[in-house]
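A.B. asks: Sharing a structure below in structure tokens format, with a few things to ask.
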Amino acid sequence: MDTNNRNIVTRFAPSPTGFMHIGGVRTALFAYLWARKNRGTFILRIEDTDKEREVAGSIEHIQESLRWLGLEWDFGPDKPGTFGSCIQSERLPTYLEFAHRLIEKGLAYPDPYSSEQVAEFRKQAEAEKRPFLFRNHRPEAFEKWDSTKPLRFKVPEIKRYRWHDAVRGDLEAGEEALDDFILIKSDGYPTYNFAHIIDDFSMGVTHIMRADEFISSTPRFLSLYEALGIAPPVFVTLPPILRDDRTKKLGKRDGAKDILDYRAEGYLPEAMANFLALTGWNPGTEQEIFTMDDLIAAFDIAKIQKAGAAFNEEKLLWANREHIKNLSHESLLRILAEFGAKSSRVAEKKWDLSEEFLSKIAPIVVERLSVFGEFTAMLDAGEFDYFLEEPTVDASKIVWKEEGPEKARDALLRVSEILEKISESNWNSEAVKEAIWPYAEERGRGGVLWPMRYSLSGKDKSPDPFTIAGVLGREETLKRLKVAAENL
RNA sequence: GGCCCUAUCGUCUAACGGUUAGGACAUGGGCUUUUCAAGCCCAGAAUCGGGGUUCGAUUCCCCGUAGGGUCACCA
């Protein structure tokens with residue numbers, strides 16, 4: 001089966017105008033998944049034909065974002081293909097070549113008007129409440145193009161277009177969408193309308209994934225494909241990602257975050273990819289958690305959703321928790337070390353978050369965390385201080401319910417006695433639990449376990465006493481129990 | 001405004017004419033329990049409205065309604 005599809009080529013084609021947000025990343029992901037599923041080619045193409053809007057550093061930022069998510073490209077700004085550069089500003093001769101072909105066919109001509117004049121035409125049309133169409137002002141005879149003026153496309157035929165979209169099905173739109181649009185701007189750069197068609201053709205792109213804002217300009221694209229004698233690729237229109245209140249498409253102005261902010265907050269890239277794949281696509285099964293390989297295997301254009309989907313941060317958090325659970329021990333430690341190091345408290349107190357220590361607290365931390373940034377916050381808030389320094393213990397709180405200090409002291413002393421019998425080398429949380437449990441059952445769990453837990457942590461809320469004792473070690477545990485008993 | 005697209009629980013979605021309309025997130029309740037977290041169990045919760053077509057419509061058609069998109073020398 002895969003041999004049939006070896007020639008599948010998809011691309012992600014952002015313009016370098018700033019950071020990437022969820023929407024762009026989702027488009028990239030779908031294009032990537034389809035290419036990989038078919039053992040095809042995934043191209044990253046930079047559409048930098050608007051020099052005004054370009055933001056320095058964007059290309060690097062885009063690449064970093066895609067790499068973080070694991071969306072490696074076969075050709076990109078750093079890897080040109082036989083078709084040449086993947087950066088549009090480096091492909092100007094190609095666009096010119098195709099432009100001249102159109103001129104020769106009489107299908108392109110220089111715009112004889114100044115931009116002010118065109119604006120005037122537009123105003124007039126508006127005043128008369130009719131749509132503005134440049135083709136109504138098309139000159140009788142075409143001048144020779146000297147490339148100081150915009151080059152316009154001469155729509156060969158005003159007609160209704162019908163086409164097929166892999167997601168939306170059969171679509172159609174007509175005359176009013178067709179016009180003599182600009183192919184090459186007066187600054188010499190091509191417009192999106194022109195450049196993307198030439199590039200997709202030159203690069204052998206078979207499937208175009210893009211958001212639904214392009215549906216309405218598809219007739220223009222089709223008229224140009226026709227004029228160039230190029231067969232259009234498969235259109236795959238992705239549903240919009242809506243703001244969580246569903247009132248608007250998610251955009252940078254509406255709080256859409258830089259995807260790399262999610263990295264900084266401690267989201268896992270595989271969780272992000274998993275979540276994004278599921279907004280606008282579904283596997284048709286009840287599986288919800290996917291690795292990247294799972295996604296590649298399961299992905300199918302036929303299962304892409306038509307309707308817009310709201311961005312649901314709660315579900316992203318859940319996906320992240322699920323992926324955290326699936327992390328290898330090594331990866332988990334590496335990430336905990338990274339986020340632990342960000343804690344100002346750790347820096348202040350010069351605490352050493354050794355691998356051994358992190359390894360011990362990892363199970364405790366993982367249970368309490370949705371994103372790794374929370375680990376930094378927990379450390380900052382002093383949540384795990386008792387693991388790293390002796391807690392200050394409020395004597396009145398050691399006592400379980402109405403029992404009174406004597407009983408609490410007895411319990412602590414008895415617990416100490418029992419624990420002393422465990423040797424240093426046999427010390428771990430299970431051993432502690434095993435040793436204490438019979439006594440706790442006999443004496444009443446609360447009366448034993450609460451004083452023990454509180455004495456070790458100095459906190460109203462904490463993991464169970466066995467876990468804490470396991471992390472603290474024999475010596476420190478016995479010491480804290482003794483101190484607490486003496487304070488009663 | 002013209003043109004185009006979309007419409008199932010609060011949210012992401014399944015059901016490609018016949019299901020008690022399923023799952024997940026979130027919510028509520030319970031269990032477990034020394035506190036917290038986690039875990040487990042249960043519950044509530046939807047086919048936008050109106051017409052058709054059909055023995056039968058979430059599903060097909062039409063009309064509304066609502067939302068979105070688009071009408072640049074931006075992509």
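Chain labels run A, B, ... following the order of the structure tokens; each chain numbers its residues from 1, and ligands are numbered from 1 in the order shown.
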Mind checking which residues fall within 8 Å of range 22-29 of chain B, counting only C-alpha atoms (C1' of nucleotides), ignoring those fewer than 4 positions away in the same chain, and posting them as a ChimeraX atom specification?
C.D. replies: /A:286,288,314-315,318 /B:10-12,14-15,42-44
A.B. asks: Export C-alpha atoms (C1' of nucleotides) of the chosen residues as a PDB file, in the first residue's frame?
C.D. replies:
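What ended up in again.pdb:
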ATOM      1  CA  GLU A 286     -12.322   5.472  21.370  1.00  0.00           C
ATOM      2  CA  GLU A 288      -7.681   9.260  23.145  1.00  0.00           C
ATOM      3  CA  GLU A 314      -8.697  21.523  30.286  1.00  0.00           C
ATOM      4  CA  LYS A 315      -8.394  18.620  27.926  1.00  0.00           C
ATOM      5  CA  TRP A 318      -5.474  16.088  30.951  1.00  0.00           C
TER       6      TRP A 318
ATOM      7  C1'   G B  10     -20.728  23.136  28.798  1.00  0.00           C
ATOM      8  C1'   U B  11     -16.220  21.390  25.532  1.00  0.00           C
ATOM      9  C1'   C B  12     -13.660  17.688  21.945  1.00  0.00           C
ATOM     10  C1'   A B  14     -18.851   8.759  17.687  1.00  0.00           C
ATOM     11  C1'   A B  15     -23.107   6.995  15.287  1.00  0.00           C
ATOM     12  C1'   C B  42     -22.014   6.076  39.663  1.00  0.00           C
ATOM     13  C1'   A B  43     -24.951  10.239  37.905  1.00  0.00           C
ATOM     14  C1'   G B  44     -26.716  14.475  35.308  1.00  0.00           C
TER      15        G B  44
END
A.B. asks: Pick out the residues sitting within 8 Å of range 49-56 of chain B, and hand them over as a ChimeraX atom specification; count only C-alpha atoms (C1' of nucleotides), and ignore anything fewer than 2 positions along from it in its own chain.
C.D. replies: /B:17-18,60-65
A.B. asks: Using only C-alpha atoms (C1' of nucleotides), please write the residues we just selected to a file, as a CSV table (one decimal), in the first residue's frame.
C.D. replies:
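File produced: part07.csv:
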chain,number,residue,atom,x,y,z
B,17,G,C1',-31.5,5.9,7.2
B,18,G,C1',-33.1,1.5,12.0
B,60,C,C1',-30.9,13.1,2.6
B,61,C,C1',-33.5,17.9,0.5
B,62,C,C1',-35.6,22.9,1.2
B,63,C,C1',-36.5,27.3,4.2
B,64,G,C1',-35.3,29.9,8.4
B,65,U,C1',-31.9,30.9,12.6
A.B. asks: Residues of chain B were defined as contacting chain A if any atom lay at most 10 Å from it, counting only C-alpha atoms (C1' of nucleotides); please report them as a VMD selection string.
C.D. replies: chain B and resid 1 to 7 11 to 14 22 to 26 34 to 38 67 to 75
A.B. asks: Within range 85-281 of chain A, find each residue whose DSSP state, derived from the backbone, is helix (DSSP H, G or I), and express the selection as a PyMOL selection string.
C.D. replies: chain A and resi 88-90+92-104+115-127+134-137+175-177+192-202+212-228+252-254+259-265+269-278
A.B. asks: Please compute the CA of Leu33 in chain A-CA of Phe221 in chain A distance, one decimal, in Å.
C.D. replies: 25.1 Å
A.B. asks: Report as a PyMOL selection string all protein, DNA and RNA residues lying within 12 Å of Leu388 in chain A, evaluated on only C-alpha atoms (C1' of nucleotides), omitting residues in the same chain fewer than 4 positions from it.
C.D. replies: chain A and resi 345-346+349-354+357-358+361+379+382-384+456-457+468+471-473+476
A.B. asks: Write out, as a JSON list (two decimals), in the first residue's frame, the residues just selected, with C-alpha atoms.
C.D. replies:
[["chain", "number", "residue", "atom", "x", "y", "z"],
["A", 345, "ARG", "CA", 13.78, 28.82, 46.58],
["A", 346, "VAL", "CA", 16.11, 26.07, 45.48],
["A", 349, "LYS", "CA", 18.71, 27.85, 49.92],
["A", 350, "LYS", "CA", 21.30, 26.20, 47.70],
["A", 351, "TRP", "CA", 19.36, 22.96, 47.85],
["A", 352, "ASP", "CA", 20.74, 20.16, 45.82],
["A", 353, "LEU", "CA", 18.07, 18.47, 43.76],
["A", 354, "SER", "CA", 20.22, 15.43, 43.20],
["A", 357, "PHE", "CA", 16.46, 12.89, 45.57],
["A", 358, "LEU", "CA", 14.40, 13.60, 42.47],
["A", 361, "ILE", "CA", 10.11, 12.27, 45.12],
["A", 379, "LEU", "CA", 9.04, 24.29, 45.25],
["A", 382, "GLY", "CA", 7.62, 25.57, 49.97],
["A", 383, "GLU", "CA", 5.44, 22.56, 49.34],
["A", 384, "PHE", "CA", 8.30, 20.09, 49.58],
["A", 456, "LEU", "CA", 7.63, 14.25, 59.65],
["A", 457, "SER", "CA", 6.17, 16.96, 57.41],
["A", 468, "ILE", "CA", 7.80, 10.63, 53.51],
["A", 471, "VAL", "CA", 12.35, 9.69, 51.19],
["A", 472, "LEU", "CA", 13.81, 11.08, 54.42],
["A", 473, "GLY", "CA", 15.72, 7.95, 55.32],
["A", 476, "GLU", "CA", 16.22, 11.76, 59.62]]
A.B. asks: Mind pulling up the distance from C1' of G39 in chain B to CA of Val399 in chain A?
C.D. replies: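 Interatomic distance, CA of Val399 in chain A to C1' of G39 in chain B: 28.6 Å.
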A.B. asks: With only C-alpha atoms (C1' of nucleotides) as the counted atoms, please give the residues lying no more than 7 Å from Phe42 in chain A, apart from itself and same-chain residues fewer than 5 positions off, as a VMD selection string.
C.D. replies: chain A and resid 9 to 11 32 35 73 to 75
